[in-house]
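Structure data (compact mmCIF, C-alpha atoms and all ligand atoms) from run17.txt:
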```
# COMPACT_ATOMS: atom_id res chain seq x y z
CA MET A 1 -8.19 23.54 -5.73
CA GLY A 2 -5.62 21.02 -6.94
CA ALA A 3 -3.80 18.55 -4.74
CA GLN A 4 -0.35 19.19 -3.34
CA LEU A 5 2.16 16.77 -4.82
CA ILE A 6 3.99 14.53 -2.37
CA ASP A 7 7.58 14.65 -3.57
CA GLY A 8 9.15 11.26 -2.86
CA LYS A 9 12.54 12.40 -4.14
CA GLU A 10 12.66 15.26 -1.64
CA VAL A 11 11.67 12.98 1.26
CA ALA A 12 14.20 10.36 0.15
CA LYS A 13 16.89 13.04 0.08
CA SER A 14 16.10 14.09 3.63
CA ILE A 15 16.23 10.44 4.78
CA ARG A 16 19.61 9.94 3.10
CA LYS A 17 20.85 13.14 4.76
CA SER A 18 19.71 11.88 8.17
CA LEU A 19 21.72 8.69 7.61
CA LYS A 20 25.03 10.50 7.11
CA PRO A 21 25.87 11.14 10.80
CA ARG A 22 24.92 7.54 11.62
CA ILE A 23 27.22 6.28 8.86
CA ALA A 24 30.00 8.56 10.18
CA ALA A 25 29.51 7.21 13.73
CA LEU A 26 29.83 3.66 12.40
CA ALA A 27 32.96 4.65 10.44
CA ASP A 28 34.51 5.81 13.73
CA LYS A 29 34.08 2.23 14.93
CA GLY A 30 35.60 0.89 11.69
CA VAL A 31 32.25 -0.30 10.32
CA VAL A 32 31.03 0.34 6.77
CA PRO A 33 27.41 -0.81 6.35
CA GLY A 34 27.25 -3.44 3.60
CA LEU A 35 24.35 -4.61 1.47
CA ALA A 36 24.33 -7.77 -0.67
CA ALA A 37 21.71 -8.20 -3.37
CA VAL A 38 21.20 -11.60 -4.93
CA LEU A 39 19.78 -11.51 -8.44
CA VAL A 40 18.69 -14.77 -10.05
CA GLY A 41 17.97 -14.56 -13.78
CA GLU A 42 17.66 -11.47 -15.93
CA ASN A 43 14.17 -10.07 -15.39
CA PRO A 44 14.66 -6.53 -16.80
CA ALA A 45 12.75 -4.77 -13.97
CA SER A 46 14.73 -6.75 -11.35
CA VAL A 47 18.05 -5.89 -13.05
CA THR A 48 17.06 -2.19 -12.98
CA TYR A 49 16.00 -2.33 -9.30
CA VAL A 50 19.15 -4.13 -8.18
CA ASN A 51 21.41 -1.76 -10.12
CA SER A 52 19.72 1.30 -8.66
CA LYS A 53 19.98 -0.12 -5.13
CA ALA A 54 23.72 -0.73 -5.63
CA ARG A 55 24.18 2.77 -7.09
CA ALA A 56 22.33 4.30 -4.13
CA CYS A 57 24.67 2.45 -1.74
CA ASP A 58 27.76 3.71 -3.58
CA LYS A 59 26.54 7.31 -3.49
CA LEU A 60 26.08 7.18 0.26
CA GLY A 61 29.41 5.45 0.90
CA LEU A 62 27.91 2.06 1.79
CA TYR A 63 29.54 -1.16 0.64
CA SER A 64 27.49 -3.18 -1.81
CA GLU A 65 27.76 -6.48 -3.61
CA VAL A 66 25.51 -7.79 -6.35
CA ILE A 67 25.57 -11.56 -6.73
CA ARG A 68 24.24 -12.47 -10.18
CA LYS A 69 23.25 -16.05 -10.88
CA PRO A 70 21.64 -17.74 -13.87
CA GLU A 71 17.91 -18.50 -14.06
CA THR A 72 18.72 -22.23 -13.60
CA LEU A 73 20.31 -21.80 -10.15
CA PRO A 74 19.27 -24.75 -7.94
CA GLN A 75 17.50 -24.05 -4.62
CA THR A 76 20.33 -25.62 -2.62
CA ASP A 77 22.88 -23.26 -4.20
CA LEU A 78 20.74 -20.20 -3.47
CA VAL A 79 20.33 -21.27 0.16
CA GLU A 80 24.10 -21.79 0.36
CA ILE A 81 24.74 -18.27 -1.00
CA VAL A 82 22.42 -16.77 1.64
CA ARG A 83 24.05 -18.84 4.41
CA SER A 84 27.50 -17.59 3.44
CA LEU A 85 26.23 -13.98 3.40
CA ASN A 86 24.80 -14.55 6.89
CA GLU A 87 28.35 -15.37 8.01
CA ASN A 88 30.04 -12.55 6.06
CA PRO A 89 31.03 -9.74 8.47
CA LYS A 90 31.21 -7.17 5.63
CA ILE A 91 27.53 -7.72 4.87
CA HIS A 92 24.87 -6.31 7.21
CA GLY A 93 21.89 -6.48 4.88
CA ILE A 94 20.84 -9.23 2.49
CA LEU A 95 18.13 -9.03 -0.11
CA VAL A 96 17.09 -11.63 -2.62
CA GLN A 97 15.42 -9.82 -5.48
CA SER A 98 11.93 -11.07 -6.30
CA PRO A 99 10.31 -12.43 -8.33
CA LEU A 100 12.43 -15.58 -8.23
CA PRO A 101 12.19 -18.15 -11.04
CA GLU A 102 9.29 -20.57 -10.46
CA HIS A 103 11.39 -23.56 -9.37
CA LEU A 104 12.76 -21.62 -6.38
CA ASP A 105 11.00 -21.58 -3.01
CA GLU A 106 10.92 -17.92 -1.96
CA LEU A 107 9.71 -18.56 1.59
CA ALA A 108 12.45 -21.13 2.25
CA VAL A 109 15.03 -18.59 1.05
CA THR A 110 13.56 -15.82 3.23
CA LEU A 111 13.64 -18.15 6.24
CA THR A 112 17.35 -18.74 5.62
CA ILE A 113 18.23 -15.03 5.88
CA ALA A 114 19.43 -14.10 9.38
CA PRO A 115 16.61 -11.91 10.79
CA ASP A 116 19.10 -9.17 11.76
CA LYS A 117 20.30 -9.00 8.14
CA ASP A 118 16.79 -9.12 6.66
CA VAL A 119 16.73 -5.54 5.30
CA ASP A 120 13.58 -6.27 3.28
CA GLY A 121 11.79 -7.01 6.57
CA PHE A 122 10.13 -10.10 5.06
CA HIS A 123 11.40 -12.73 7.53
CA PRO A 124 8.49 -14.02 9.67
CA TYR A 125 10.46 -13.04 12.80
CA ASN A 126 10.53 -9.40 11.66
CA VAL A 127 6.91 -9.57 10.45
CA GLY A 128 5.88 -10.89 13.86
CA MET A 129 7.85 -8.24 15.75
CA MET A 130 6.20 -5.57 13.61
CA PHE A 131 2.74 -6.99 14.37
CA ILE A 132 3.27 -6.96 18.13
CA GLY A 133 4.59 -3.39 18.02
CA ARG A 134 8.25 -4.24 18.72
CA PRO A 135 9.76 -3.34 15.34
CA ASN A 136 13.16 -4.70 14.37
CA LEU A 137 13.72 -4.24 10.61
CA LEU A 138 10.59 -2.93 8.88
CA PRO A 139 9.63 -3.54 5.24
CA ALA A 140 10.88 -0.67 3.10
CA THR A 141 7.79 0.35 1.13
CA PRO A 142 5.21 0.39 3.97
CA HIS A 143 7.67 2.05 6.35
CA GLY A 144 8.54 4.54 3.61
CA ILE A 145 4.86 5.42 3.20
CA ILE A 146 4.71 6.28 6.91
CA LYS A 147 7.79 8.49 6.39
CA LEU A 148 6.12 10.27 3.45
CA LEU A 149 3.07 11.01 5.62
CA GLU A 150 5.27 12.16 8.49
CA TYR A 151 7.28 14.53 6.27
CA TYR A 152 4.07 16.21 5.11
CA GLN A 153 2.69 16.21 8.68
CA ILE A 154 -0.25 14.01 7.74
CA ASP A 155 -0.87 12.15 10.98
CA PRO A 156 -2.98 9.04 10.36
CA ALA A 157 -4.16 8.96 14.01
CA GLY A 158 -7.94 8.57 14.18
CA ARG A 159 -8.34 8.74 10.41
CA GLN A 160 -10.04 6.31 8.06
CA VAL A 161 -7.29 4.71 5.99
CA VAL A 162 -8.24 2.44 3.11
CA ILE A 163 -5.54 0.25 1.59
CA VAL A 164 -6.41 -1.41 -1.72
CA GLY A 165 -4.23 -4.52 -1.97
CA ARG A 166 -3.26 -7.17 0.59
CA SER A 167 0.14 -8.41 -0.52
CA ASN A 168 2.71 -9.52 2.02
CA ILE A 169 5.10 -6.78 0.91
CA VAL A 170 2.80 -3.75 0.82
CA GLY A 171 -0.86 -4.01 1.85
CA LYS A 172 -0.69 -6.31 4.88
CA PRO A 173 2.42 -4.82 6.53
CA LEU A 174 1.18 -1.27 5.92
CA ALA A 175 -2.12 -2.16 7.61
CA ALA A 176 -0.16 -3.62 10.53
CA LEU A 177 1.97 -0.48 10.89
CA LEU A 178 -0.95 1.95 10.66
CA MET A 179 -3.06 0.14 13.23
CA GLN A 180 -0.34 0.17 15.91
CA LYS A 181 -0.81 2.10 19.11
CA SER A 182 2.14 4.36 18.35
CA LYS A 183 3.35 7.55 16.71
CA MET A 184 2.29 8.02 13.05
CA ALA A 185 -0.23 5.19 13.45
CA ASN A 186 -3.49 4.78 15.44
CA ALA A 187 -5.49 4.77 12.20
CA THR A 188 -8.76 2.99 11.53
CA VAL A 189 -7.65 0.68 8.74
CA THR A 190 -9.70 -1.05 6.04
CA VAL A 191 -7.99 -3.41 3.61
CA ALA A 192 -9.72 -4.04 0.27
CA HIS A 193 -8.75 -6.59 -2.38
CA SER A 194 -9.97 -8.29 -5.54
CA ARG A 195 -12.83 -10.00 -3.67
CA SER A 196 -14.10 -6.82 -2.02
CA ARG A 197 -17.62 -5.89 -3.16
CA ASN A 198 -18.48 -2.30 -4.11
CA LEU A 199 -14.89 -1.07 -4.04
CA ALA A 200 -15.90 2.52 -4.76
CA ASP A 201 -18.12 2.60 -1.63
CA ILE A 202 -15.11 1.54 0.42
CA THR A 203 -12.59 3.89 -1.20
CA ARG A 204 -14.93 6.90 -0.86
CA ARG A 205 -14.79 6.44 2.92
CA ALA A 206 -11.02 6.97 2.89
CA GLU A 207 -9.39 10.04 4.36
CA ILE A 208 -6.08 8.45 3.36
CA LEU A 209 -6.19 6.06 0.40
CA VAL A 210 -3.31 3.75 -0.50
CA ALA A 211 -3.44 1.94 -3.83
CA ALA A 212 -1.19 -1.13 -4.08
CA VAL A 213 -2.93 -3.13 -6.76
CA GLY A 214 -0.60 -3.44 -9.75
CA ARG A 215 -3.29 -2.44 -12.28
CA PRO A 216 -3.36 0.95 -13.99
CA GLN A 217 -6.28 3.29 -13.28
CA THR A 218 -7.98 1.03 -10.72
CA ILE A 219 -8.91 4.14 -8.72
CA ASP A 220 -10.42 7.14 -10.48
CA GLY A 221 -11.79 10.49 -9.35
CA ASP A 222 -15.35 9.13 -8.89
CA MET A 223 -14.06 6.63 -6.32
CA VAL A 224 -12.55 9.16 -3.90
CA SER A 225 -13.85 11.90 -1.62
CA GLU A 226 -12.89 15.57 -1.54
CA GLY A 227 -9.73 16.22 0.46
CA VAL A 228 -8.45 12.63 0.43
CA VAL A 229 -4.71 11.97 0.72
CA ILE A 230 -3.71 9.53 -2.05
CA ILE A 231 -0.62 7.34 -1.92
CA ASP A 232 -0.17 5.49 -5.20
CA VAL A 233 2.21 2.55 -4.80
CA GLY A 234 1.56 1.00 -8.22
CA VAL A 235 4.20 0.88 -10.90
CA ASN A 236 2.76 -0.25 -14.22
CA ARG A 237 4.27 -0.11 -17.69
CA VAL A 238 1.84 1.06 -20.36
CA ASP A 239 2.68 1.21 -24.06
CA ASP A 240 3.65 4.66 -25.29
CA PRO A 241 5.07 4.85 -28.80
CA ASP A 242 6.02 8.51 -28.19
CA ARG A 243 8.62 7.45 -25.62
CA GLU A 244 12.04 6.20 -26.61
CA LYS A 245 11.59 3.06 -24.52
CA GLY A 246 8.14 2.41 -26.01
CA TYR A 247 6.42 2.60 -22.62
CA ARG A 248 5.81 4.89 -19.68
CA LEU A 249 5.22 4.22 -16.01
CA VAL A 250 1.82 4.87 -14.43
CA GLY A 251 0.41 4.11 -11.01
CA ASP A 252 -2.79 2.37 -9.94
CA VAL A 253 -4.58 5.71 -9.63
CA ASP A 254 -5.95 7.78 -12.50
CA PHE A 255 -3.84 10.78 -11.60
CA GLU A 256 -5.68 13.40 -13.67
CA SER A 257 -9.19 12.69 -12.36
CA CYS A 258 -7.99 12.41 -8.74
CA LEU A 259 -5.80 15.50 -8.78
CA GLU A 260 -8.64 18.01 -8.34
CA LYS A 261 -10.31 16.14 -5.48
CA ALA A 262 -7.31 15.10 -3.41
CA SER A 263 -5.55 17.30 -0.88
CA TYR A 264 -2.25 15.45 -1.40
CA ILE A 265 -1.23 12.91 -4.02
CA THR A 266 1.94 11.00 -4.91
CA PRO A 267 3.01 11.07 -8.57
CA VAL A 268 4.24 7.96 -10.40
CA PRO A 269 7.14 7.96 -10.89
CA GLY A 270 8.66 10.14 -8.17
CA GLY A 271 6.38 9.28 -5.25
CA VAL A 272 6.71 5.98 -3.37
CA GLY A 273 9.52 4.55 -5.55
CA PRO A 274 12.41 6.78 -4.39
CA ILE A 275 11.42 6.40 -0.75
CA THR A 276 11.54 2.60 -0.97
CA ILE A 277 15.23 2.67 -1.88
CA ALA A 278 15.99 5.26 0.82
CA MET A 279 14.34 3.00 3.42
CA LEU A 280 16.39 0.05 2.24
CA LEU A 281 19.56 2.12 2.84
CA SER A 282 18.18 3.12 6.22
CA ASN A 283 17.59 -0.54 7.13
CA THR A 284 21.14 -1.42 6.07
CA VAL A 285 22.52 1.27 8.39
CA THR A 286 20.22 0.06 11.21
CA ALA A 287 21.39 -3.53 10.65
CA ALA A 288 25.04 -2.39 10.81
CA GLU A 289 24.31 -0.52 14.06
CA LEU A 290 22.66 -3.60 15.56
CA SER A 291 25.66 -5.69 14.59
CA ALA A 292 28.13 -3.14 16.01
CA LYS A 293 26.14 -3.03 19.27
CA ARG A 294 26.25 -6.81 19.59
CA ARG A 295 30.05 -6.74 19.25
CA THR A 296 30.56 -4.19 22.04
P1 LIG A 301 0.38 -7.98 -5.63
O1 LIG A 301 0.05 -8.38 -7.04
O2 LIG A 301 1.12 -8.93 -4.77
O3 LIG A 301 -0.99 -7.61 -4.89
C1 LIG A 301 -1.99 -6.86 -5.53
C2 LIG A 301 -3.18 -6.74 -4.63
O4 LIG A 301 -4.18 -6.00 -5.31
C3 LIG A 301 -3.81 -8.08 -4.24
O5 LIG A 301 -4.13 -8.09 -2.87
C4 LIG A 301 -5.07 -8.15 -5.11
O6 LIG A 301 -6.15 -8.83 -4.50
C5 LIG A 301 -5.43 -6.69 -5.23
N1 LIG A 301 -6.21 -6.43 -6.42
C6 LIG A 301 -5.96 -6.84 -7.71
N2 LIG A 301 -6.91 -6.39 -8.52
C7 LIG A 301 -7.80 -5.69 -7.77
C8 LIG A 301 -8.99 -4.98 -8.05
N3 LIG A 301 -9.48 -4.90 -9.28
N4 LIG A 301 -9.64 -4.40 -7.04
C9 LIG A 301 -9.16 -4.47 -5.77
N5 LIG A 301 -8.01 -5.10 -5.44
C10 LIG A 301 -7.34 -5.71 -6.44
O7 LIG A 301 1.12 -6.59 -5.76
P2 LIG A 301 2.16 -5.83 -4.77
O8 LIG A 301 1.50 -5.45 -3.51
O9 LIG A 301 3.43 -6.55 -4.75
O10 LIG A 301 2.39 -4.51 -5.63
C11 LIG A 301 1.34 -3.64 -5.95
C12 LIG A 301 1.85 -2.58 -6.91
O11 LIG A 301 2.82 -1.80 -6.22
C13 LIG A 301 2.57 -3.12 -8.14
O12 LIG A 301 2.32 -2.23 -9.22
C14 LIG A 301 4.03 -3.08 -7.77
O13 LIG A 301 4.88 -2.95 -8.90
C15 LIG A 301 4.04 -1.83 -6.94
N6 LIG A 301 5.14 -1.76 -5.96
C16 LIG A 301 5.85 -0.60 -5.93
C17 LIG A 301 6.86 -0.45 -5.02
C18 LIG A 301 7.58 0.84 -5.00
O14 LIG A 301 8.61 0.92 -4.37
N7 LIG A 301 7.07 1.88 -5.64
C19 LIG A 301 7.23 -1.51 -4.09
C20 LIG A 301 6.36 -2.66 -4.14
C21 LIG A 301 5.36 -2.77 -5.06
P3 LIG A 301 -6.09 -10.42 -4.16
O15 LIG A 301 -5.23 -10.52 -2.92
O16 LIG A 301 -7.50 -10.75 -3.89
O17 LIG A 301 -5.50 -11.09 -5.36
```
Mind turning the file's structure into structure tokens?
Amino acid sequence: MGAQLIDGKEVAKSIRKSLKPRIAALADKGVVPGLAAVLVGENPASVTYVNSKARACDKLGLYSEVIRKPETLPQTDLVEIVRSLNENPKIHGILVQSPLPEHLDELAVTLTIAPDKDVDGFHPYNVGMMFIGRPNLLPATPHGIIKLLEYYQIDPAGRQVVIVGRSNIVGKPLAALLMQKSKMANATVTVAHSRSRNLADITRRAEILVAAVGRPQTIDGDMVSEGVVIIDVGVNRVDDPDREKGYRLVGDVDFESCLEKASYITPVPGGVGPITIAMLLSNTVTAAELSAKRRT
């Protein structure tokens, strides 16, 4: 028996559809949700991400601005840009595309973003609210993973979830969300990382396995149990002379060897990626609603 594919595009479409009446209700109040993306430098992956976020906004009728600055932008100027976006009533969501050039202090920039405009959900205020189970704006990828599970009626309650990777943007917040005493949570969560011993022993215990490592083929079929649900967050470029671009995208999971054992699996691309952008749009609409509520 092969695994059922988790179709991130389909789930993203249903999320975008669910946003339409909320956008219409805001329009009745004269509010168009607005997202500003700040892009420093010309990292090709960042340029692609920012362009697709702006395109996704346009398609849904949201306002978007991309602020492009050279690699040499001083920290004080970046902080000033964020401060002015905080004050800009047309902008409800602000994101500063990472990675930033080395001379820039990412945490200081995140701390400058008004928490109610922090659509990436990276501000320590929002991280703290998430941890104590009082979510404000949630980080897009981990929240999107919960939405993928929900769409396929895979309730993590009571299950062994293993997350490989402990970054501040994926592994840690996902662990925090899944361990909450709430709907689509209540999981028993294990977080593994590069210092974990006997990784395969840990991953074989998983009923739901999330790979957020950033290294191709870290998880193969021998490392998982029959019936596991696999969420592959990784996006890695591997050389492929047969492709026009000279590379193709693969996840952190060896898809072929896991396919037969898993009950559900996300493909790369087409799994977690599309849902991340949909959740960013969702956060922008939520931020606009919060702002409209404060004004009434
Ligand atoms: P980071 O590099 O920040 O974190 C990687 C994590 O993997 C670290 O915790 C690291 O451990 C751990 N790790 C590295 N090697 C191993 C190993 N051999 N065994 C076990 N653990 C290991 O990555 P991110 O979380 O930012 O991203 C992970 C992947 O997800 C990337 O491919 C990224 O491109 C992708 N991504 C995709 C998104 C999407 O929308 N589809 C969104 C965000 C990320 P340690 O902490 O010890 O160093």
Tell me, as a PyMOL selection string, which residues lie within 9 Å of Arg159 (chain A), counting only C-alpha atoms; anything in the same chain fewer than 4 positions away does not count. chain A and resi 155+186-189+206-208
Might you pull out every residue within 12 Å of Val162 (chain A), with only C-alpha atoms counted and same-chain residues fewer than 6 positions away left off, and present them as number ranges by chain? A: 156, 171-172, 174-175, 178-179, 187-193, 199-212, 219, 223-225, 228-232
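Using only C-alpha atoms, the shortest contact distance between Glu102 (chain A) and any of A:Pro89, A:Pro74, A:Gly251, A:Gly165 is found at A:Pro74.
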Please find the residues contacting ligand LIG 301 (chain A) at a distance of at most 6 Å between atoms, with all atoms listed in the file counted, and report them as a PyMOL selection string. chain A and resi 141+164-167+169-170+193-195+212-214+233-236+272-273+276
Would you mind telling me which residue in A:Leu148, A:Ala56, A:Ala278, A:Val66 lies nearest to Ile91 (chain A) when using all atoms listed in the file? A:Val66
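Distances to Lys9 (chain A) were evaluated for A:Gly221, A:Gly144, A:Pro135, A:Pro124 using all atoms listed in the file, and the minimum falls at A:Gly144.
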Quick one: everything within 9 Å of Ile15 (chain A), counting all atoms listed in the file, minus sequence neighbours fewer than 6 positions away in the same chain. Send it as number ranges by chain. A: 147, 275, 278-279, 282
Compare A:Ala140, A:Lys69, A:Glu106, A:Ser98 by their minimum atom-to-atom distance to Leu177 (chain A), counting all atoms listed in the file, and give me the closest one.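 Result for the nearest residue to Leu177 (chain A): A:Ala140.
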Please list as a PyMOL selection string every residue within 8 Å of region 21-31 of chain A, counting all atoms listed in the file and excluding residues in the same chain fewer than 5 positions away. chain A and resi 285+288-289+292
Near-Gly133 (chain A) list (12 Å; only C-alpha atoms; drop same-chain fewer than 5 positions) as JSON, numbers by chain: {"A": [126, 127, 128, 138, 173, 176, 177, 178, 179, 180, 181, 182, 183, 185, 186]}
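Straight-line separation from CA of Leu73 (chain A) to CA of Thr48 (chain A): 20.1 Å.
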Which polymer residues, whether protein, DNA or RNA, lie within 8 Å of the coordinate (-11.5, 13.1, -8.7) when you count all atoms listed in the file? List them as a PyMOL selection string, using the chain letters and numbers from the file. chain A and resi 220-226+256-262
Just the selected residues (C-alpha atoms), exported as a PDB file, in the frame of the given file, please.
```pdb
ATOM      1  CA  ASP A 220     -10.420   7.140 -10.480  1.00  0.00           C
ATOM      2  CA  GLY A 221     -11.790  10.490  -9.350  1.00  0.00           C
ATOM      3  CA  ASP A 222     -15.350   9.130  -8.890  1.00  0.00           C
ATOM      4  CA  MET A 223     -14.060   6.630  -6.320  1.00  0.00           C
ATOM      5  CA  VAL A 224     -12.550   9.160  -3.900  1.00  0.00           C
ATOM      6  CA  SER A 225     -13.850  11.900  -1.620  1.00  0.00           C
ATOM      7  CA  GLU A 226     -12.890  15.570  -1.540  1.00  0.00           C
ATOM      8  CA  GLU A 256      -5.680  13.400 -13.670  1.00  0.00           C
ATOM      9  CA  SER A 257      -9.190  12.690 -12.360  1.00  0.00           C
ATOM     10  CA  CYS A 258      -7.990  12.410  -8.740  1.00  0.00           C
ATOM     11  CA  LEU A 259      -5.800  15.500  -8.780  1.00  0.00           C
ATOM     12  CA  GLU A 260      -8.640  18.010  -8.340  1.00  0.00           C
ATOM     13  CA  LYS A 261     -10.310  16.140  -5.480  1.00  0.00           C
ATOM     14  CA  ALA A 262      -7.310  15.100  -3.410  1.00  0.00           C
TER      15      ALA A 262
END
```
Return the padded bounding box of region 153-163 of chain A as JSON: axis-aligned, built from all atoms listed in the file, 4 Å added on each side, with centre and edge lengths in Å to one decimal.
```
{"center_x": -3.7, "center_y": 8.2, "center_z": 7.9, "size_x": 20.7, "size_y": 24.0, "size_z": 20.6}
```
Can you tell me how far CA of Thr76 (chain A) sits from CA of Val47 (chain A), in Å to one decimal? 22.4 Å
Nearest residue to Glu87 (chain A) from the set A:Lys20, A:Lys117, A:His123, A:Arg295 (distances using all atoms listed in the file): A:Lys117
Between CA of Gln75 (chain A) and CA of Leu62 (chain A), what is the distance, to one decimal in Å? 28.8 Å
Using all atoms listed in the file - which residues lie no farther than 9 Å from the point (25.2, -7.3, 5.7) in the file's frame? Write them as a list of chain:residue names. A:Pro33, A:Gly34, A:Leu35, A:Ala36, A:Ser64, A:Leu85, A:Asn86, A:Glu87, A:Asn88, A:Pro89, A:Lys90, A:Ile91, A:His92, A:Gly93, A:Ile94, A:Asp116, A:Lys117, A:Asp118, A:Val119, A:Thr284, A:Ala287, A:Ala288
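Nearest residue to Thr286 (chain A) among A:Asp77, A:Ala12, A:Asn136, A:Leu60 is A:Asn136, counting all atoms listed in the file.
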